[in-house]
>>> print(open('coords.cif').read())   # mmCIF, C-alpha atoms
data_final
#
loop_
_atom_site.label_atom_id
_atom_site.label_comp_id
_atom_site.auth_asym_id
_atom_site.auth_seq_id
_atom_site.Cartn_x
_atom_site.Cartn_y
_atom_site.Cartn_z
CA MET A 76 101.74 12.35 -15.17
CA ARG A 77 101.18 14.24 -18.39
CA ILE A 78 102.61 17.32 -20.03
CA SER A 79 99.73 19.65 -20.81
CA ILE A 80 100.29 22.30 -23.49
CA PRO A 81 97.08 24.24 -23.26
CA PRO A 82 97.05 26.51 -20.25
CA ARG A 83 94.53 28.60 -22.16
CA ARG A 84 90.87 28.64 -21.26
CA ARG A 85 88.35 27.31 -23.76
CA TRP A 86 84.58 26.91 -23.79
CA SER A 87 81.87 26.41 -26.38
CA SER A 88 79.26 29.04 -27.23
CA ASN A 89 76.57 26.59 -26.11
CA ALA A 90 78.01 26.67 -22.60
CA LEU A 91 77.43 30.38 -22.13
CA ALA A 92 73.78 29.88 -21.12
CA ALA A 93 74.49 29.27 -17.43
CA VAL A 94 77.37 29.26 -15.01
CA ALA A 95 76.84 25.62 -14.19
CA VAL A 96 76.96 24.64 -17.86
CA LEU A 97 80.07 26.77 -18.33
CA ALA A 98 81.80 25.02 -15.46
CA ALA A 99 80.89 21.63 -16.90
CA ALA A 100 82.15 22.62 -20.35
CA LEU A 101 85.42 23.82 -18.89
CA GLY A 102 85.81 20.60 -16.99
CA ALA A 103 85.21 18.55 -20.12
CA ALA A 104 87.36 20.69 -22.38
CA LEU A 105 90.26 21.07 -20.01
CA ALA A 106 90.00 17.83 -18.02
CA THR A 107 90.84 19.79 -14.89
CA THR A 108 89.32 20.52 -11.52
CA LEU A 109 89.31 24.14 -10.34
CA THR A 110 90.29 24.41 -6.70
CA LEU A 111 90.29 27.91 -5.25
CA ARG A 112 92.78 28.50 -2.47
CA THR A 113 94.42 31.44 -0.84
CA GLN A 114 98.08 32.17 -1.35
CA THR A 115 100.42 34.19 0.78
CA ALA A 116 103.89 34.61 -0.62
CA VAL A 117 106.81 36.68 0.61
CA VAL A 118 110.24 36.95 -0.98
CA PRO A 119 112.70 36.48 1.91
CA GLN A 120 115.93 38.40 1.78
CA THR A 121 117.90 35.15 1.68
CA VAL A 122 116.21 34.10 -1.57
CA VAL A 123 117.82 36.86 -3.60
CA LEU A 124 121.35 36.47 -2.29
CA GLY A 125 122.39 34.12 -5.09
CA GLN A 126 121.23 36.46 -7.84
CA PRO A 127 123.42 38.79 -9.88
CA ALA A 128 124.39 41.90 -7.95
CA ALA A 129 122.39 44.21 -10.23
CA LEU A 130 119.23 42.17 -9.65
CA VAL A 131 119.72 42.17 -5.88
CA ARG A 132 119.91 45.95 -5.89
CA ASN A 133 116.68 46.13 -7.90
CA ALA A 134 114.83 43.32 -6.09
CA LEU A 135 111.17 44.16 -5.51
CA THR A 136 108.49 42.69 -3.32
CA ILE A 137 105.77 40.68 -5.04
CA GLY A 138 103.41 43.61 -4.70
CA GLN A 139 105.96 45.96 -6.23
CA VAL A 140 106.51 43.60 -9.18
CA TYR A 141 102.76 43.57 -9.74
CA ALA A 142 102.53 47.35 -9.51
CA ARG A 143 105.36 47.75 -12.01
CA ALA A 144 104.44 45.07 -14.54
CA SER A 145 100.70 44.38 -14.43
CA ALA A 146 99.75 47.26 -16.75
CA GLY A 147 101.83 45.57 -19.45
CA VAL A 148 100.03 42.22 -19.15
CA VAL A 149 96.98 41.62 -21.33
CA ASP A 150 94.14 39.15 -21.64
CA VAL A 151 93.92 37.52 -25.07
CA GLY A 152 90.39 36.48 -26.01
CA VAL A 153 89.96 34.25 -29.05
CA ILE A 154 86.97 33.10 -31.07
CA GLU A 155 87.39 30.02 -33.24
CA THR A 156 84.75 29.26 -35.87
CA THR A 157 84.54 25.81 -37.42
CA THR A 158 82.11 24.04 -39.71
CA ASP A 159 81.17 20.42 -39.07
CA PRO A 160 80.62 17.79 -41.80
CA TRP A 161 76.91 18.65 -41.86
CA GLY A 162 77.59 22.32 -42.63
CA ARG A 163 76.75 23.58 -39.17
CA THR A 164 78.88 26.42 -37.80
CA ARG A 165 80.19 26.22 -34.30
CA SER A 166 81.97 28.93 -32.37
CA MET A 167 84.43 28.25 -29.58
CA GLN A 168 85.90 30.81 -27.24
CA ALA A 169 89.38 30.55 -25.77
CA GLU A 170 91.38 32.72 -23.45
CA GLY A 171 95.07 33.21 -22.85
CA SER A 172 97.49 35.90 -21.76
CA GLY A 173 100.16 38.07 -23.30
CA PHE A 174 102.27 41.14 -22.68
CA VAL A 175 103.06 44.43 -24.39
CA LEU A 176 106.33 44.42 -26.30
CA ASP A 177 106.54 48.03 -27.53
CA THR A 178 104.61 51.26 -28.01
CA ARG A 179 103.79 50.31 -31.61
CA GLY A 180 101.19 47.91 -30.28
CA ASP A 181 103.01 44.59 -30.59
CA ILE A 182 101.92 41.90 -28.13
CA VAL A 183 103.76 38.67 -27.30
CA THR A 184 101.74 35.54 -26.56
CA SER A 185 101.88 31.77 -27.10
CA ALA A 186 101.35 30.45 -30.62
CA HIS A 187 98.89 27.83 -29.40
CA VAL A 188 96.66 30.51 -27.87
CA VAL A 189 95.90 32.04 -31.29
CA ALA A 190 96.50 29.00 -33.50
CA ASP A 191 92.92 28.63 -34.77
CA ALA A 192 91.61 32.12 -34.11
CA THR A 193 89.20 33.86 -36.42
CA THR A 194 88.83 36.83 -34.06
CA ILE A 195 91.28 38.04 -31.40
CA THR A 196 90.52 40.66 -28.75
CA VAL A 197 93.18 42.03 -26.44
CA SER A 198 92.06 43.52 -23.11
CA PHE A 199 94.30 45.81 -21.06
CA LYS A 200 94.35 46.50 -17.32
CA ASN A 201 93.23 50.08 -17.95
CA GLY A 202 90.01 48.84 -19.55
CA THR A 203 91.06 49.34 -23.15
CA LYS A 204 89.99 46.60 -25.56
CA ALA A 205 91.22 46.25 -29.11
CA ASP A 206 90.98 43.81 -32.00
CA ALA A 207 94.32 42.20 -32.79
CA THR A 208 95.90 40.69 -35.86
CA VAL A 209 98.63 38.06 -35.95
CA VAL A 210 101.94 39.56 -37.08
CA GLY A 211 103.61 36.16 -37.06
CA SER A 212 103.65 32.84 -35.28
CA ASP A 213 106.34 30.22 -34.75
CA VAL A 214 104.82 26.91 -33.68
CA SER A 215 108.26 25.32 -33.14
CA THR A 216 108.91 27.65 -30.20
CA ASP A 217 105.25 28.31 -29.37
CA VAL A 218 105.68 32.08 -29.70
CA ALA A 219 103.42 34.52 -31.54
CA VAL A 220 103.30 38.29 -32.00
CA LEU A 221 100.01 40.18 -32.27
CA ARG A 222 99.43 43.82 -33.12
CA VAL A 223 96.76 46.19 -31.84
CA GLY A 224 95.89 49.73 -32.89
CA VAL A 225 96.17 51.39 -29.48
CA PRO A 226 97.72 54.82 -28.83
CA ALA A 227 101.26 54.59 -27.48
CA ALA A 228 100.26 56.52 -24.35
CA ARG A 229 97.99 53.64 -23.33
CA LEU A 230 100.67 50.98 -23.71
CA SER A 231 103.07 49.85 -20.98
CA PRO A 232 105.80 47.67 -22.56
CA LEU A 233 107.60 45.12 -20.43
CA ALA A 234 111.37 44.73 -20.64
CA PHE A 235 113.20 41.45 -21.17
CA ALA A 236 115.93 40.15 -18.90
CA ALA A 237 118.47 37.60 -20.09
CA SER A 238 117.29 34.10 -19.22
CA SER A 239 120.94 33.02 -19.31
CA THR A 240 121.45 34.86 -15.99
CA VAL A 241 118.58 33.07 -14.22
CA LYS A 242 119.54 30.71 -11.38
CA VAL A 243 117.72 27.88 -9.66
CA GLY A 244 116.05 29.29 -6.58
CA ASP A 245 115.47 32.77 -8.00
CA PRO A 246 112.08 34.21 -7.01
CA VAL A 247 109.65 34.64 -9.91
CA VAL A 248 106.04 35.65 -10.48
CA ALA A 249 103.51 35.00 -13.21
CA ILE A 250 100.75 37.42 -14.18
CA GLY A 251 97.90 36.36 -16.45
CA SER A 252 94.31 35.19 -16.74
CA PRO A 253 94.07 31.74 -15.10
CA PHE A 254 90.54 30.32 -15.50
CA GLY A 255 89.43 33.67 -16.89
CA TYR A 256 90.51 35.76 -13.90
CA PRO A 257 92.59 38.51 -15.55
CA GLN A 258 95.43 40.31 -13.80
CA SER A 259 96.04 37.41 -11.41
CA ILE A 260 99.51 37.07 -9.91
CA THR A 261 101.13 33.93 -8.52
CA ALA A 262 104.57 33.61 -6.99
CA GLY A 263 107.26 30.97 -6.61
CA ILE A 264 110.81 30.17 -7.55
CA VAL A 265 112.80 28.81 -10.46
CA SER A 266 112.71 25.08 -9.78
CA ALA A 267 115.10 23.95 -12.51
CA LEU A 268 116.78 25.09 -15.70
CA GLY A 269 117.65 23.49 -19.02
CA ARG A 270 114.42 21.52 -19.37
CA THR A 271 113.23 20.35 -22.80
CA ILE A 272 109.52 20.59 -23.57
CA GLU A 273 107.58 19.69 -26.70
CA ALA A 274 106.14 22.38 -28.95
CA PRO A 275 102.63 21.99 -30.43
CA ASN A 276 104.16 20.66 -33.66
CA GLY A 277 106.38 18.17 -31.82
CA ALA A 278 109.60 20.22 -32.02
CA ALA A 279 111.84 20.37 -28.98
CA ILE A 280 111.92 23.64 -27.05
CA ARG A 281 115.20 23.62 -25.17
CA ASN A 282 116.37 25.47 -22.07
CA ALA A 283 112.84 25.93 -20.76
CA ILE A 284 112.56 27.37 -17.27
CA GLN A 285 110.79 25.16 -14.73
CA THR A 286 108.89 26.88 -11.93
CA ASP A 287 106.60 26.01 -9.04
CA THR A 288 104.67 29.23 -9.64
CA ALA A 289 101.02 28.31 -10.20
CA ILE A 290 100.26 28.22 -13.93
CA ASN A 291 96.78 27.21 -15.04
CA SER A 292 94.50 27.36 -18.09
CA GLY A 293 94.51 30.96 -19.27
CA ASN A 294 98.09 31.69 -18.18
CA SER A 295 99.56 30.64 -21.53
CA GLY A 296 101.38 33.47 -23.25
CA GLY A 297 101.75 35.53 -20.10
CA PRO A 298 105.12 36.61 -18.69
CA LEU A 299 107.26 34.89 -16.11
CA LEU A 300 108.92 37.80 -14.31
CA ASN A 301 112.04 38.07 -12.18
CA ALA A 302 112.42 40.05 -8.94
CA ALA A 303 113.06 43.22 -10.95
CA GLY A 304 109.77 42.88 -12.83
CA LYS A 305 111.40 41.89 -16.12
CA VAL A 306 110.38 39.07 -18.46
CA ILE A 307 112.56 35.95 -18.25
CA GLY A 308 110.13 33.63 -20.02
CA VAL A 309 106.72 33.09 -21.62
CA ASN A 310 104.51 30.69 -19.65
CA ALA A 311 103.56 27.81 -21.90
CA GLN A 312 103.03 24.39 -20.29
CA ILE A 313 102.44 22.43 -17.11
CA ALA A 314 103.19 18.89 -16.00
CA SER A 315 100.17 17.61 -14.14
CA ARG A 316 98.37 14.49 -12.98
CA SER A 317 95.19 16.43 -12.20
CA GLY A 318 95.08 18.71 -15.26
CA GLY A 319 95.54 21.75 -13.04
CA SER A 320 98.64 23.28 -11.52
CA ASP A 321 100.59 20.70 -9.52
CA GLY A 322 103.54 23.07 -9.10
CA VAL A 323 105.49 22.06 -12.21
CA GLY A 324 105.23 24.69 -14.92
CA PHE A 325 107.44 25.60 -17.86
CA ALA A 326 108.24 28.87 -19.61
CA VAL A 327 109.93 29.40 -22.96
CA PRO A 328 113.17 31.27 -22.07
CA SER A 329 113.39 34.96 -22.89
CA ASP A 330 116.65 34.58 -24.82
CA ALA A 331 114.82 32.35 -27.32
CA VAL A 332 111.69 34.48 -27.30
CA LYS A 333 113.64 37.64 -28.20
CA VAL A 334 115.22 35.96 -31.23
CA VAL A 335 111.91 34.57 -32.48
CA VAL A 336 110.05 37.83 -31.91
CA ALA A 337 112.71 39.80 -33.82
CA ALA A 338 112.45 37.37 -36.74
CA LEU A 339 108.66 37.50 -36.79
CA LEU A 340 108.65 41.30 -36.78
CA ALA A 341 111.34 41.43 -39.46
CA GLY A 342 109.28 39.15 -41.66
CA ALA A 343 106.04 41.10 -41.20
CA THR A 344 104.64 42.78 -44.28
#
>>> encode(input="coords.cif", output="structure tokens")
Amino acid sequence: MRISIPPRRRWSSNALAAVAVLAAALGAALATTLTLRTQTAVVPQTVVLGQPAALVRNALTIGQVYARASAGVVDVGVIETTTDPWGRTRSMQAEGSGFVLDTRGDIVTSAHVVADATTITVSFKNGTKADATVVGSDVSTDVAVLRVGVPAARLSPLAFAASSTVKVGDPVVAIGSPFGYPQSITAGIVSALGRTIEAPNGAAIRNAIQTDTAINSGNSGGPLLNAAGKVIGVNAQIASRSGGSDGVGFAVPSDAVKVVVAALLAGAT
């Protein structure tokens, strides 16, 4: 079993010539096999009984969570340009997810999604696309904040919930762009709490939320939402033998994300 940090989707510019070549490049770059399967998920009434009373009153169906939160979830497209030892330029494309923080145009995503970006494009559910700049990035918690110049009326910020109130067994959903399919929703439960995962720079990220919600390449940076449609974590990693979702995913807890985001915004020039 391995812990895989990069649920973001990457491919080389040379692989864009044909679908078959693209699939091969994805397989090589991600070391994963894409298996399409149908999912039917229902939140039974008994699942929410152990949640805080306020959350029970506001509990939504999976479809209602999607209707409430999906407009605030974005696709984060990245172009990385590198030069090899022979002076040749090579462009790589990568894809992750994120969510709208406020009406100023701030977007939360994973630091590893935009780590080597030369160009970042954020795509919204309503069809709006905008270039983004990095406000700040904290590799030790794998959290980054982007900013786009989009009118406030076109932005749908998502609200945070306290991750300290989350309980094992709580129903959760993830919305993002797995394998380049934007606005995809998957559902599951909180499998465990208090996990420690490793940040891209080797630092320990504590109190991560473990979930069996399907998280795949492209989901990185997207929100893990509770039954009220609020963000309790930022999807970041998976544990997998296959390289794809084996039902063990991890999200950076919202309590940590809020602190890091506030510091990054405060330090922005």
>>> residues_near_point(input="coords.cif", point="(114.3, 37.4, -13.8)", cutoff="12 Å", atoms="only C-alpha atoms", output="PyMOL selection string")
chain A and resi 123+126-127+129-131+133-135+140+234-249+263-265+284+286+298-309+326+328-330
>>> resolve_selection(input="coords.cif", expression="the PyMOL selection byres ((chain A and resi 222) around 12)", output="PyMOL selection string")
chain A and resi 151+173-184+195-197+205-212+219-221+223-226+230+339-340+343
>>> closest_residue(input="coords.cif", among="A:Ala338, A:Val332, A:Ala279, A:Arg143", to="A:Leu233", atoms="all atoms listed in the file")
A:Arg143
>>> closest_residue(input="coords.cif", among="A:Thr164, A:Gln258, A:Ser231, A:Gln285", to="A:Arg270", atoms="all atoms listed in the file")
A:Gln285
>>> atom_distance(input="coords.cif", atom1="atom CA of A:His187", atom2="atom CA of A:Ile272")
14.1 Å
>>> axis_aligned_box(input="coords.cif", around="stretch 249-252 of chain A", padding_each_side="4 Å", output="AutoDock Vina command-line options")
--center_x 98.9 --center_y 36.2 --center_z -15.0 --size_x 17.2 --size_y 10.4 --size_z 11.5
>>> atom_distance(input="coords.cif", atom1="atom CA of A:Val189", atom2="atom CA of A:Ile137")
29.3 Å
>>> atom_distance(input="coords.cif", atom1="atom CA of A:Ser172", atom2="atom CA of A:Val188")
8.2 Å
>>> residues_around(input="coords.cif", residues="A:Gln312", least_positions_apart="6", cutoff="12 Å", atoms="only C-alpha atoms", output="PDB file with C-alpha atoms, in the frame of the given file")
ATOM      1  CA  ARG A  77     101.180  14.240 -18.390  1.00  0.00           C
ATOM      2  CA  ILE A  78     102.610  17.320 -20.030  1.00  0.00           C
ATOM      3  CA  SER A  79      99.730  19.650 -20.810  1.00  0.00           C
ATOM      4  CA  ILE A  80     100.290  22.300 -23.490  1.00  0.00           C
ATOM      5  CA  PRO A  81      97.080  24.240 -23.260  1.00  0.00           C
ATOM      6  CA  PRO A  82      97.050  26.510 -20.250  1.00  0.00           C
ATOM      7  CA  ARG A  83      94.530  28.600 -22.160  1.00  0.00           C
ATOM      8  CA  SER A 185     101.880  31.770 -27.100  1.00  0.00           C
ATOM      9  CA  HIS A 187      98.890  27.830 -29.400  1.00  0.00           C
ATOM     10  CA  VAL A 188      96.660  30.510 -27.870  1.00  0.00           C
ATOM     11  CA  THR A 216     108.910  27.650 -30.200  1.00  0.00           C
ATOM     12  CA  ASP A 217     105.250  28.310 -29.370  1.00  0.00           C
ATOM     13  CA  ARG A 270     114.420  21.520 -19.370  1.00  0.00           C
ATOM     14  CA  THR A 271     113.230  20.350 -22.800  1.00  0.00           C
ATOM     15  CA  ILE A 272     109.520  20.590 -23.570  1.00  0.00           C
ATOM     16  CA  GLU A 273     107.580  19.690 -26.700  1.00  0.00           C
ATOM     17  CA  ALA A 274     106.140  22.380 -28.950  1.00  0.00           C
ATOM     18  CA  PRO A 275     102.630  21.990 -30.430  1.00  0.00           C
ATOM     19  CA  ILE A 280     111.920  23.640 -27.050  1.00  0.00           C
ATOM     20  CA  ALA A 283     112.840  25.930 -20.760  1.00  0.00           C
ATOM     21  CA  ILE A 284     112.560  27.370 -17.270  1.00  0.00           C
ATOM     22  CA  GLN A 285     110.790  25.160 -14.730  1.00  0.00           C
ATOM     23  CA  THR A 286     108.890  26.880 -11.930  1.00  0.00           C
ATOM     24  CA  ASP A 287     106.600  26.010  -9.040  1.00  0.00           C
ATOM     25  CA  THR A 288     104.670  29.230  -9.640  1.00  0.00           C
ATOM     26  CA  ALA A 289     101.020  28.310 -10.200  1.00  0.00           C
ATOM     27  CA  ILE A 290     100.260  28.220 -13.930  1.00  0.00           C
ATOM     28  CA  ASN A 291      96.780  27.210 -15.040  1.00  0.00           C
ATOM     29  CA  SER A 292      94.500  27.360 -18.090  1.00  0.00           C
ATOM     30  CA  GLY A 293      94.510  30.960 -19.270  1.00  0.00           C
ATOM     31  CA  ASN A 294      98.090  31.690 -18.180  1.00  0.00           C
ATOM     32  CA  SER A 295      99.560  30.640 -21.530  1.00  0.00           C
ATOM     33  CA  GLY A 296     101.380  33.470 -23.250  1.00  0.00           C
ATOM     34  CA  GLY A 297     101.750  35.530 -20.100  1.00  0.00           C
ATOM     35  CA  GLY A 318      95.080  18.710 -15.260  1.00  0.00           C
ATOM     36  CA  GLY A 319      95.540  21.750 -13.040  1.00  0.00           C
ATOM     37  CA  SER A 320      98.640  23.280 -11.520  1.00  0.00           C
ATOM     38  CA  ASP A 321     100.590  20.700  -9.520  1.00  0.00           C
ATOM     39  CA  GLY A 322     103.540  23.070  -9.100  1.00  0.00           C
ATOM     40  CA  VAL A 323     105.490  22.060 -12.210  1.00  0.00           C
ATOM     41  CA  GLY A 324     105.230  24.690 -14.920  1.00  0.00           C
ATOM     42  CA  PHE A 325     107.440  25.600 -17.860  1.00  0.00           C
ATOM     43  CA  ALA A 326     108.240  28.870 -19.610  1.00  0.00           C
ATOM     44  CA  VAL A 327     109.930  29.400 -22.960  1.00  0.00           C
TER      45      VAL A 327
END
>>> decode(input="coords.cif", residues="stretch 274-332 of chain A", atoms="C-alpha atoms", output="tab-separated table (two decimals), in the first residue's frame")
chain	number	residue	atom	x	y	z
A	274	ALA	CA	2.74	17.05	3.41
A	275	PRO	CA	4.63	17.47	0.12
A	276	ASN	CA	7.64	18.83	2.04
A	277	GLY	CA	7.59	15.95	4.54
A	278	ALA	CA	5.87	17.86	7.36
A	279	ALA	CA	3.19	16.10	9.37
A	280	ILE	CA	-0.41	17.18	8.78
A	281	ARG	CA	-2.29	16.17	11.89
A	282	ASN	CA	-5.97	15.52	12.55
A	283	ALA	CA	-6.67	14.66	8.92
A	284	ILE	CA	-10.13	13.31	8.19
A	285	GLN	CA	-10.25	9.82	6.68
A	286	THR	CA	-13.14	9.01	4.36
A	287	ASP	CA	-14.31	6.22	2.09
A	288	THR	CA	-15.70	8.81	-0.33
A	289	ALA	CA	-14.10	8.20	-3.73
A	290	ILE	CA	-11.19	10.60	-4.25
A	291	ASN	CA	-9.16	10.32	-7.43
A	292	SER	CA	-6.66	12.29	-9.51
A	293	GLY	CA	-8.19	15.73	-10.06
A	294	ASN	CA	-10.04	15.82	-6.72
A	295	SER	CA	-7.12	17.46	-4.91
A	296	GLY	CA	-8.03	20.85	-3.50
A	297	GLY	CA	-11.76	20.25	-3.67
A	298	PRO	CA	-14.03	20.37	-0.62
A	299	LEU	CA	-15.13	17.54	1.62
A	300	LEU	CA	-18.64	18.59	2.66
A	301	ASN	CA	-20.87	17.60	5.55
A	302	ALA	CA	-24.61	16.89	5.40
A	303	ALA	CA	-25.34	20.62	5.60
A	304	GLY	CA	-23.22	21.36	2.53
A	305	LYS	CA	-20.41	23.02	4.50
A	306	VAL	CA	-16.67	22.46	4.11
A	307	ILE	CA	-15.10	20.24	6.78
A	308	GLY	CA	-11.89	19.54	4.89
A	309	VAL	CA	-9.82	19.93	1.72
A	310	ASN	CA	-9.32	16.65	-0.15
A	311	ALA	CA	-5.61	16.00	-0.47
A	312	GLN	CA	-4.44	12.37	-0.49
A	313	ILE	CA	-5.37	8.73	-0.93
A	314	ALA	CA	-3.96	5.45	0.36
A	315	SER	CA	-3.99	3.00	-2.51
A	316	ARG	CA	-2.49	-0.22	-3.81
A	317	SER	CA	-3.83	0.39	-7.31
A	318	GLY	CA	-3.09	4.12	-7.63
A	319	GLY	CA	-6.81	4.87	-7.83
A	320	SER	CA	-9.42	5.22	-5.13
A	321	ASP	CA	-9.49	2.15	-2.88
A	322	GLY	CA	-11.83	3.85	-0.42
A	323	VAL	CA	-9.20	5.39	1.86
A	324	GLY	CA	-8.91	9.13	1.31
A	325	PHE	CA	-7.72	11.98	3.50
A	326	ALA	CA	-8.73	15.62	3.82
A	327	VAL	CA	-6.90	18.43	5.59
A	328	PRO	CA	-9.30	19.47	8.40
A	329	SER	CA	-11.19	22.73	8.04
A	330	ASP	CA	-10.04	24.05	11.43
A	331	ALA	CA	-6.44	23.96	10.15
A	332	VAL	CA	-7.37	25.23	6.71
